[in-house]
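Before any comments, here is the structure.
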Number of protein chains: 2
Amino acid sequence: MSGHLAIVGLGPGDTRYLTAEAVEALAAAQALYGYGPYLDRVPVRAHQSRRASDNREERTRAAAALAHAAQGARVAVVSGGDPGVFAMAAAVCEEIESGPASWRALDVSIVPGITAMLAVAAQIGAPLGHDFCALSLSDNLKPWQLIEQRLDAASGAGFVLALYNPVSRARPWQFAAAIERLRRHLPPSTPVVFGRAVGRPDERINVVTLDAADATQADMATLVIVGSRETRVIERPGRSPLVYTSRAATEVSA
Amino acid sequence: MSGHLAIVGLGPGDTRYLTAEAVEALAAAQALYGYGPYLDRVPVRAHQSRRASDNREERTRAAAALAHAAQGARVAVVSGGDPGVFAMAAAVCEEIESGPASWRALDVSIVPGITAMLAVAAQIGAPLGHDFCALSLSDNLKPWQLIEQRLDAASGAGFVLALYNPVSRARPWQFAAAIERLRRHLPPSTPVVFGRAVGRPDERINVVTLDAADATQADMATLVIVGSRETRVIERPGRSPLVYTSRAATEVSA
């Protein structure tokens with residue numbers, strides 16, 4: 001059994017975020033699997049097949065890639081951002097756990113990438129400079145009540161929040177509800193960063209305060225960072241502001 | 001004023017983690033500033049000065065780099081991992097906020113990198129595959145009581161935890177106290193990943209259960225990931241296990 005499966009993080013949508021390891025893993029693959037727009041970012045190579053699938057077909061895609069690798073091929077599944085953060089690596093692990101024994105014998109490697117929150121943070125300063133949480137607002141696989149509980153716990157304890165998947169066509173009201181929830185715990189002046197399409201030509205980064213944050217400012221391509229009481233905004237003449245979270249923290253209110 | 005300051009993430013200790021953007025930013029700099037072991041990872045170039053400083057001198061280093069850039073130079077501060085995660089970007093922002101007005105006029109760019117938790121996670125599977133927190137156990141700049149409060153909040157609400165800075169010479173007991181604290185909230189079988197020196201020749205990744213986790217397993221070069229109730233271990237014959245956190249979550253205990 002010489003099959004090999006790599007799960008490769010492309011980072012956000014610009015080749016400047018690609019690591020040397022990702023470039024190598026993509027070049028070495030005989031077959032690529034992935035969501036169409038991610039595959040489109042990988043240069044076409046002769047003798048390398050590619051199978052595009054829909055964004056929602058993660059488990060089907062994972063199973064197809066595993067079955068292909070189990071035949072002895074060198075297969076790469078491409079993932080936006082980091083494959084380990086709300087992306088393909090967990091889906092592949094789920095399939096390995098429930099699949100045939102041959103899949104557990106496969107050589108599997110995961111190639112990390114720049115996940116969206118790191119790229120958005122870098123564009124605006126250092127909002128993740130101290131303790132933070134990454135939380136998906138999608139209630140497709142967990143109850144909304146649990147998401148609210150996590151929003152309460154994280155913001156109440158002074159973590160900065162990176163919110164993935166704030167909005168989708170099937171989830172229109174959740175992000176507004178999350179903002180409402182966070183207002184119970186955080187001052188109106190708390191900085192909120194909307195990072196849209198980071199690394200792509202239509203990139204847009206906006207900084208607002210929590211009292212002015214509006215759910216319509218986010219779409220499916222947006223990553224939202226909600227500050228803590230230690231998050232500060234430095235205004236700069238003629239430049240965009242810097243947002244950062246101080247490394248020093250005193251205490252949170254009860 | 002043509003000065004420029006780049007804060008560049010090198011990723012963990014191996015060049016395979018370098019992004020294309022980081023390689024470019026390092027090559028373009030006239031002067032490099034950083035902690036010695038990080039600077040040692042950057043190839044020496046003619047006509048490029050380098051100023052190494054101690055790990056604990058983050059603010060002094062940031063101020064020196066800013067002052068140099070304000071003279072019109074192209075300066076890069078190198079950072080391990082991602083500069084925005086418990087690293088140099090927040091220290092530079094702190095200095096800009098409290099420094100002379102000329103520093104707020106500088107062109108500052110931050111180049112994200114693979115932070116330790118992403119590299120450790122990729123080596124072992126997808127333990128950060130669902131909601132997680134990144135928490136520094138250093139109580140140099142925040143009270144230990146606040147760290148305990150955050151451990152309680154995050155583990156109680158079902159977040160996976162990535163623990164940075166678990167141990168140092170000046171902080172010998174804190175990590176054991178943190179493990180003790182987490183045992184109040186999580187089952188004894190909860191997977192714990194110790195990732196030491198990831199990407200370096202002496203890399204070592206160990207998976208244990210929370211009841212068997214021992215503070216002596218971590219040192220200054222270790223990143224610890226503590227699972228949630230949704231974190232699973234897949235044993236593989238002849239291979240290291242895969243650890244992943246399911247994307248599906250039901251509810252946390254009260």
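Quick note on naming: the chains in the structure tokens go A, B, ... in the order shown, residues restart at 1 in each chain, and ligands are numbered from 1 in order of appearance.
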
Note to self: Contacts from chain A to chain B, 6 Å maximum, only C-alpha atoms: show me the residue list as JSON, numbers by chain.
What the structure shows: {"A": [16, 17, 18, 19, 20, 21, 84, 85, 86, 89, 90, 104, 110, 112, 122, 126, 128, 129, 130, 131, 132, 133, 134, 135, 141, 142, 150, 153, 157, 236, 248, 249, 250]}

Next item on the list: Counting only C-alpha atoms, figure out which residue out of B:Ile225, B:Val75, B:Ala25, B:Ala177 gets nearest to Thr190 (chain B).
Entry: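 That would be B:Ile225, the residue with the smallest distance to Thr190 (chain B).
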
What are the closest atom pairs, with distances in Å to one decimal, for all residues of region 59-118 of chain B lying within 10 Å of region 32-50 of chain B? Consider only C-alpha atoms, order rows by chain and residue number, and present the result as JSON lines.
{"residue": "B:Arg61", "atom": "CA", "partner": "B:Tyr33", "partner_atom": "CA", "distance": 7.0}
{"residue": "B:Ala62", "atom": "CA", "partner": "B:Tyr33", "partner_atom": "CA", "distance": 8.3}
{"residue": "B:Ala64", "atom": "CA", "partner": "B:Tyr33", "partner_atom": "CA", "distance": 8.4}
{"residue": "B:Ala65", "atom": "CA", "partner": "B:Tyr33", "partner_atom": "CA", "distance": 6.6}
{"residue": "B:Arg74", "atom": "CA", "partner": "B:Leu32", "partner_atom": "CA", "distance": 9.1}
{"residue": "B:Val75", "atom": "CA", "partner": "B:Leu32", "partner_atom": "CA", "distance": 6.0}
{"residue": "B:Ala76", "atom": "CA", "partner": "B:Leu32", "partner_atom": "CA", "distance": 4.9}
{"residue": "B:Val77", "atom": "CA", "partner": "B:Tyr33", "partner_atom": "CA", "distance": 4.7}
{"residue": "B:Val78", "atom": "CA", "partner": "B:Gly34", "partner_atom": "CA", "distance": 5.2}
{"residue": "B:Ser79", "atom": "CA", "partner": "B:Tyr38", "partner_atom": "CA", "distance": 6.7}
{"residue": "B:Gly80", "atom": "CA", "partner": "B:Tyr38", "partner_atom": "CA", "distance": 6.3}
{"residue": "B:Gly81", "atom": "CA", "partner": "B:Tyr38", "partner_atom": "CA", "distance": 9.8}
{"residue": "B:Met88", "atom": "CA", "partner": "B:Gly34", "partner_atom": "CA", "distance": 9.0}

Notebook entry, point to check: Suppose you want the space between CA of Val224 (chain A) and CA of Pro166 (chain A); what is it in Å?
Noted result: 7.4 Å

Next item on the list: To one decimal in Å, tell me the separation between CA of Ala63 (chain B) and CA of Pro100 (chain B).
Entry: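 Spanning CA of Ala63 (chain B) to CA of Pro100 (chain B) is a straight-line distance of 10.4 Å.
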
Next item on the list: DSSP on the backbone, then: every residue of region 25-135 of chain B marked strand (DSSP E), written as a list in words.
Entry: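 Output for region 25-135 of chain B, strand (DSSP E) only: Ala31, Leu32, Tyr33, Gly34, Tyr35, Ser49, Arg50, Arg51, Ala52, Ser53, Arg74, Val75, Ala76, Val77, Val78, Ser79, Asp107, Val108, Ser109, Ile110, Val111, Gly125, Ala126, Phe132, Cys133, Ala134 and Leu135 of chain B.
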
Check: Which is closest to Arg171 (chain A) among A:Ala215, A:Ala116, A:Leu66, A:Ala52, if we use only C-alpha atoms?
Finding: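 So, comparing all the options, the nearest one is A:Ala215.
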
Next item on the list: Enter the distance from CA of Val208 (chain A) to CA of Gly195 (chain A), in Å, rounded to one decimal.
Entry: 11.4 Å

Next item on the list: Return the single residue from B:Ser168, B:Gly99, B:Ala221, B:Pro188 that is closest to Asp202 (chain B), with distances computed using only C-alpha atoms.
Entry: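 Among B:Ser168, B:Gly99, B:Ala221, B:Pro188, it is B:Ala221 that comes nearest to Asp202 (chain B).
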